[in-house]
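Novice: Please find protein.cif (mmCIF, C-alpha atoms) on the next line:
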data_start
loop_
_atom_site.label_atom_id
_atom_site.label_comp_id
_atom_site.auth_asym_id
_atom_site.auth_seq_id
_atom_site.Cartn_x
_atom_site.Cartn_y
_atom_site.Cartn_z
CA MET A 1 155.21 143.96 17.34
CA ASN A 2 156.59 145.74 20.45
CA GLY A 3 153.07 146.78 21.49
CA LYS A 4 151.96 143.13 21.56
CA ILE A 5 154.91 142.19 23.76
CA VAL A 6 154.32 145.06 26.17
CA GLY A 7 150.57 144.41 26.23
CA SER A 8 151.12 140.70 26.83
CA PHE A 9 153.55 141.48 29.64
CA VAL A 10 151.04 143.83 31.32
CA VAL A 11 148.19 141.31 31.04
CA LEU A 12 150.31 138.40 32.33
CA THR A 13 151.63 140.51 35.21
CA ALA A 14 148.08 141.56 36.18
CA LEU A 15 146.85 137.94 36.03
CA GLY A 16 149.80 136.75 38.13
CA ALA A 17 149.30 139.51 40.70
CA GLY A 18 145.58 138.76 40.84
CA ALA A 19 146.23 135.05 41.42
CA VAL A 20 148.73 135.78 44.19
CA LEU A 21 146.37 138.27 45.85
CA TYR A 22 143.49 135.76 45.72
CA TYR A 23 145.65 133.00 47.22
CA LEU A 24 146.90 135.22 50.02
CA GLN A 25 143.41 136.47 50.86
CA VAL A 26 141.69 133.06 50.88
CA TYR A 27 144.43 130.60 51.88
CA GLY A 28 147.81 132.16 52.53
CA TYR A 29 147.64 133.62 56.02
CA TYR A 30 145.30 131.15 57.70
CA GLN A 31 146.81 128.53 59.97
CA PRO A 32 145.01 125.64 61.68
CA ILE A 33 145.07 126.02 65.45
CA PRO A 34 144.61 123.46 68.21
CA ALA A 35 142.22 124.18 71.08
CA THR A 36 145.23 124.37 73.39
CA ALA A 37 146.99 127.13 71.42
CA PRO A 38 147.54 130.38 73.36
CA GLY A 39 144.52 132.63 72.87
CA ALA A 40 142.39 129.80 71.43
CA GLU A 41 141.09 128.32 74.67
CA LEU A 42 137.34 127.78 74.70
CA ARG A 43 136.01 129.97 77.47
CA LEU A 44 132.83 131.84 78.31
CA THR A 45 132.44 134.89 80.54
CA SER A 46 130.76 134.06 83.83
CA VAL A 47 127.73 136.08 84.94
CA ALA A 48 128.85 135.84 88.57
CA SER A 49 132.53 136.74 88.30
CA GLY A 50 132.62 138.60 84.98
CA GLN A 51 135.74 136.60 84.10
CA PRO A 52 136.20 134.08 81.27
CA GLU A 53 136.10 130.46 82.44
CA PRO A 54 137.00 127.30 80.48
CA ILE A 55 134.07 125.21 79.27
CA LEU A 56 133.83 121.54 78.37
CA ALA A 57 134.52 121.07 74.66
CA ASP A 58 135.65 118.42 72.21
CA SER A 59 136.10 117.94 68.46
CA PHE A 60 137.64 121.38 68.03
CA GLU A 61 138.65 122.64 64.58
CA GLY A 62 139.99 126.16 64.30
CA ILE A 63 141.78 128.62 62.05
CA ASP A 64 143.40 131.97 62.71
CA ALA A 65 145.79 134.43 61.10
CA ASP A 66 148.19 137.01 62.46
CA THR A 67 147.15 139.52 59.78
CA SER A 68 143.79 140.39 61.36
CA PRO A 69 142.12 139.76 64.72
CA LEU A 70 138.86 139.02 62.87
CA ARG A 71 140.12 135.89 61.08
CA TYR A 72 139.64 133.54 64.04
CA ARG A 73 137.00 130.82 63.52
CA GLY A 74 136.33 127.71 65.55
CA CYS A 75 133.94 124.77 65.47
CA PHE A 76 133.51 122.37 68.37
CA HIS A 77 131.01 120.39 70.42
CA THR A 78 130.09 120.92 74.06
CA PRO A 79 128.17 118.49 76.28
CA MET A 80 126.87 121.38 78.41
CA SER A 81 123.14 122.16 78.12
CA LEU A 82 121.82 125.53 76.94
CA ALA A 83 119.84 125.87 80.18
CA LEU A 84 123.02 125.58 82.26
CA LEU A 85 124.97 127.84 79.91
CA THR A 86 122.38 130.66 79.88
CA GLU A 87 122.20 130.65 83.68
CA THR A 88 125.96 130.59 84.14
CA TYR A 89 127.44 132.61 81.30
CA ARG A 90 126.85 136.04 79.78
CA VAL A 91 124.68 136.13 76.64
CA TYR A 92 126.09 138.27 73.80
CA GLU A 93 123.58 140.87 72.66
CA ALA A 94 124.50 141.57 69.03
CA PRO A 95 126.25 138.54 67.51
CA THR A 96 127.24 138.76 63.85
CA PRO A 97 129.06 135.66 62.58
CA LEU A 98 131.66 136.55 60.00
CA ILE A 99 132.05 134.59 56.77
CA ALA A 100 134.82 131.98 56.87
CA PRO A 101 136.89 130.89 53.88
CA GLY A 102 135.01 128.42 51.69
CA TRP A 103 137.49 125.65 52.41
CA PHE A 104 136.77 125.79 56.19
CA ASP A 105 133.71 123.57 55.87
CA CYS A 106 132.52 123.35 59.46
CA PHE A 107 131.77 127.09 59.82
CA ASP A 108 128.71 128.40 57.92
CA ALA A 109 128.15 132.00 59.02
CA ARG A 110 124.82 132.32 57.21
CA GLN A 111 123.38 129.23 58.92
CA ILE A 112 124.71 130.32 62.31
CA GLY A 113 123.34 133.86 61.84
CA ALA A 114 119.90 132.53 60.84
CA ALA A 115 119.84 130.24 63.88
CA LEU A 116 120.76 133.15 66.15
CA GLU A 117 117.99 135.31 64.68
CA THR A 118 115.33 132.61 65.18
CA GLY A 119 116.53 131.75 68.67
CA GLU A 120 117.58 128.23 67.71
CA ALA A 121 121.12 129.03 68.89
CA VAL A 122 122.32 131.31 71.67
CA ALA A 123 125.43 133.51 71.50
CA PHE A 124 127.67 133.98 74.53
CA LEU A 125 130.54 136.34 75.27
CA SER A 126 133.68 134.25 75.33
CA GLU A 127 136.03 137.09 76.14
CA ALA A 128 135.64 140.85 75.87
CA ASN A 129 138.50 142.73 74.20
CA ILE A 130 140.46 139.61 73.32
CA ARG A 131 142.33 142.17 71.25
CA PRO A 132 141.63 145.90 71.58
CA GLY A 133 138.12 146.54 70.24
CA VAL A 134 137.46 142.87 69.43
CA ASP A 135 135.33 140.36 71.37
CA ARG A 136 135.33 136.59 70.98
CA VAL A 137 131.79 135.26 70.59
CA VAL A 138 130.55 131.66 70.86
CA ALA A 139 127.21 130.46 69.44
CA ILE A 140 125.86 127.22 70.86
CA PHE A 141 123.04 125.05 69.52
CA PRO A 142 120.81 122.82 71.70
CA ASP A 143 122.50 119.67 70.34
CA GLY A 144 125.91 120.92 71.53
CA ARG A 145 127.29 122.16 68.22
CA ALA A 146 129.21 125.35 68.86
CA TYR A 147 130.96 127.98 66.77
CA ALA A 148 133.38 130.73 67.76
CA TRP A 149 134.54 133.89 65.99
CA ASN A 150 136.01 137.28 66.78
CA GLN A 151 133.81 140.34 66.30
CA ILE A 152 134.34 144.09 66.51
CA ASN A 153 132.77 145.48 69.67
CA GLU A 154 131.18 148.83 70.46
CA THR A 155 134.49 150.47 71.37
CA LEU A 156 135.57 150.39 67.70
CA GLU A 157 132.12 151.02 66.26
CA GLU A 158 131.96 154.53 67.70
#
Hey, can you dump this file as structure tokens for me?

Specialist:
Amino acid sequence: MNGKIVGSFVVLTALGAGAVLYYLQVYGYYQPIPATAPGAELRLTSVASGQPEPILADSFEGIDADTSPLRYRGCFHTPMSLALLTETYRVYEAPTPLIAPGWFDCFDARQIGAALETGEAVAFLSEANIRPGVDRVVAIFPDGRAYAWNQINETLEE
């Protein structure tokens, strides 16, 4: 009889811990962020000055978490054309969109990655070393849809 109680306790504790861990990983630390939040401004790095400059953007949805610099994701629309953007701002050479939580519907990393590979979308450097070893990248489609994420840069890959 005691073995059943102890076994039940162990199983219930493991299930509870697993549920808490899942919640914290997928939902717990993420917070919605407005486009005006510090560090969430929508900027691209200028070819001429090498400095990040604000761009025109609307309909921003974003999430971030303090637990990791790689949890930032943003979706927005820009009225700026790709021709203007590619002439004015620095193109990002090796963009790799990171998977967002399933509940953040606007950001589909697989679709964005496929569009970047085929050339349908273009990735730009938003800001280098937004945190040490992490760049912010923005992918923009011809229709103005745009997506932002943080990505490890070459300084941490070495």

Novice: Would you write out, as number ranges by chain, every residue that the PyMOL selection byres ((chain A and resi 140) around 8) captures in this file?

Specialist: A: 82, 121-124, 138-139, 141-142, 144-147

Novice: Keeping only C-alpha atoms, write those residues as a PDB file, in the frame of the given file.

Specialist:
ATOM      1  CA  LEU A  82     121.820 125.530  76.940  1.00  0.00           C
ATOM      2  CA  ALA A 121     121.120 129.030  68.890  1.00  0.00           C
ATOM      3  CA  VAL A 122     122.320 131.310  71.670  1.00  0.00           C
ATOM      4  CA  ALA A 123     125.430 133.510  71.500  1.00  0.00           C
ATOM      5  CA  PHE A 124     127.670 133.980  74.530  1.00  0.00           C
ATOM      6  CA  VAL A 138     130.550 131.660  70.860  1.00  0.00           C
ATOM      7  CA  ALA A 139     127.210 130.460  69.440  1.00  0.00           C
ATOM      8  CA  PHE A 141     123.040 125.050  69.520  1.00  0.00           C
ATOM      9  CA  PRO A 142     120.810 122.820  71.700  1.00  0.00           C
ATOM     10  CA  GLY A 144     125.910 120.920  71.530  1.00  0.00           C
ATOM     11  CA  ARG A 145     127.290 122.160  68.220  1.00  0.00           C
ATOM     12  CA  ALA A 146     129.210 125.350  68.860  1.00  0.00           C
ATOM     13  CA  TYR A 147     130.960 127.980  66.770  1.00  0.00           C
TER      14      TYR A 147
END

Novice: Nearest residue to Gly28 of chain A out of A:Ile63, A:Val6, A:Val137, A:Leu42, using only C-alpha atoms?

Specialist: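 Closest to Gly28 of chain A of all the choices is A:Ile63.
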
Novice: Suppose a student applies the PyMOL selection byres ((chain A and resi 33) around 6) to this structure; what residues should they get, written as a list in words?

Specialist: Pro32, Pro34, Gly62 and Ile63 of chain A

Novice: Have a look at atom CA of Leu85 of chain A and atom CA of Phe60 of chain A and let me know their distance in Å, one decimal.

Specialist: 18.5 Å

Novice: For the provided coordinates, the residues matched by the PyMOL selection byres ((chain A and resi 69) around 10) should be stated as number ranges by chain.

Specialist: A: 64-68, 70-72, 130-136, 149-152

Novice: Have a look at A:Leu21, A:Leu125, A:Leu15, A:Ile55 and name the one nearest to Ala94 of chain A; count only C-alpha atoms.

Specialist: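 The closest residue to Ala94 of chain A is A:Leu125.
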
Novice: Using all atoms listed in the file, which residues sit within 10 Å of Thr88 of chain A once same-chain residues fewer than 5 positions away are excluded, as a ChimeraX atom specification?

Specialist: /A:44-49,82-83

Novice: What does the distance from atom CA of Asp143 of chain A to atom CA of Asp108 of chain A come to in Å, to one decimal?

Specialist: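 Result for atom CA of Asp143 of chain A versus atom CA of Asp108 of chain A: 16.4 Å, one decimal.
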
Novice: What is the distance, in Å and to one decimal place, between atom CA of Cys106 of chain A and atom CA of Pro52 of chain A?

Specialist: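 Value for the atom CA of Cys106 of chain A-atom CA of Pro52 of chain A distance: 24.6 Å.
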
Novice: Out of A:Gln51, A:Ala57, A:Tyr23, A:Ala148, which residue has the shortest atom-to-atom distance to Thr36 of chain A when counting only C-alpha atoms?

Specialist: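 Closest residue, counting only C-alpha atoms: A:Ala57.
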
Novice: Let me make sure I understand: among A:Arg73, A:Pro101, A:Ala115, A:Gly50, which one has the smallest atom-to-atom distance to Tyr22 of chain A if we use all atoms listed in the file?

Specialist: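 Answer, going by the shortest atom-to-atom distance: A:Pro101.
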
Novice: From the options A:Val10, A:Ala128, A:Leu84, A:Leu116, which residue's atoms come nearest to Asn153 of chain A, counting all atoms listed in the file?

Specialist: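 Result for the nearest residue to Asn153 of chain A: A:Ala128.
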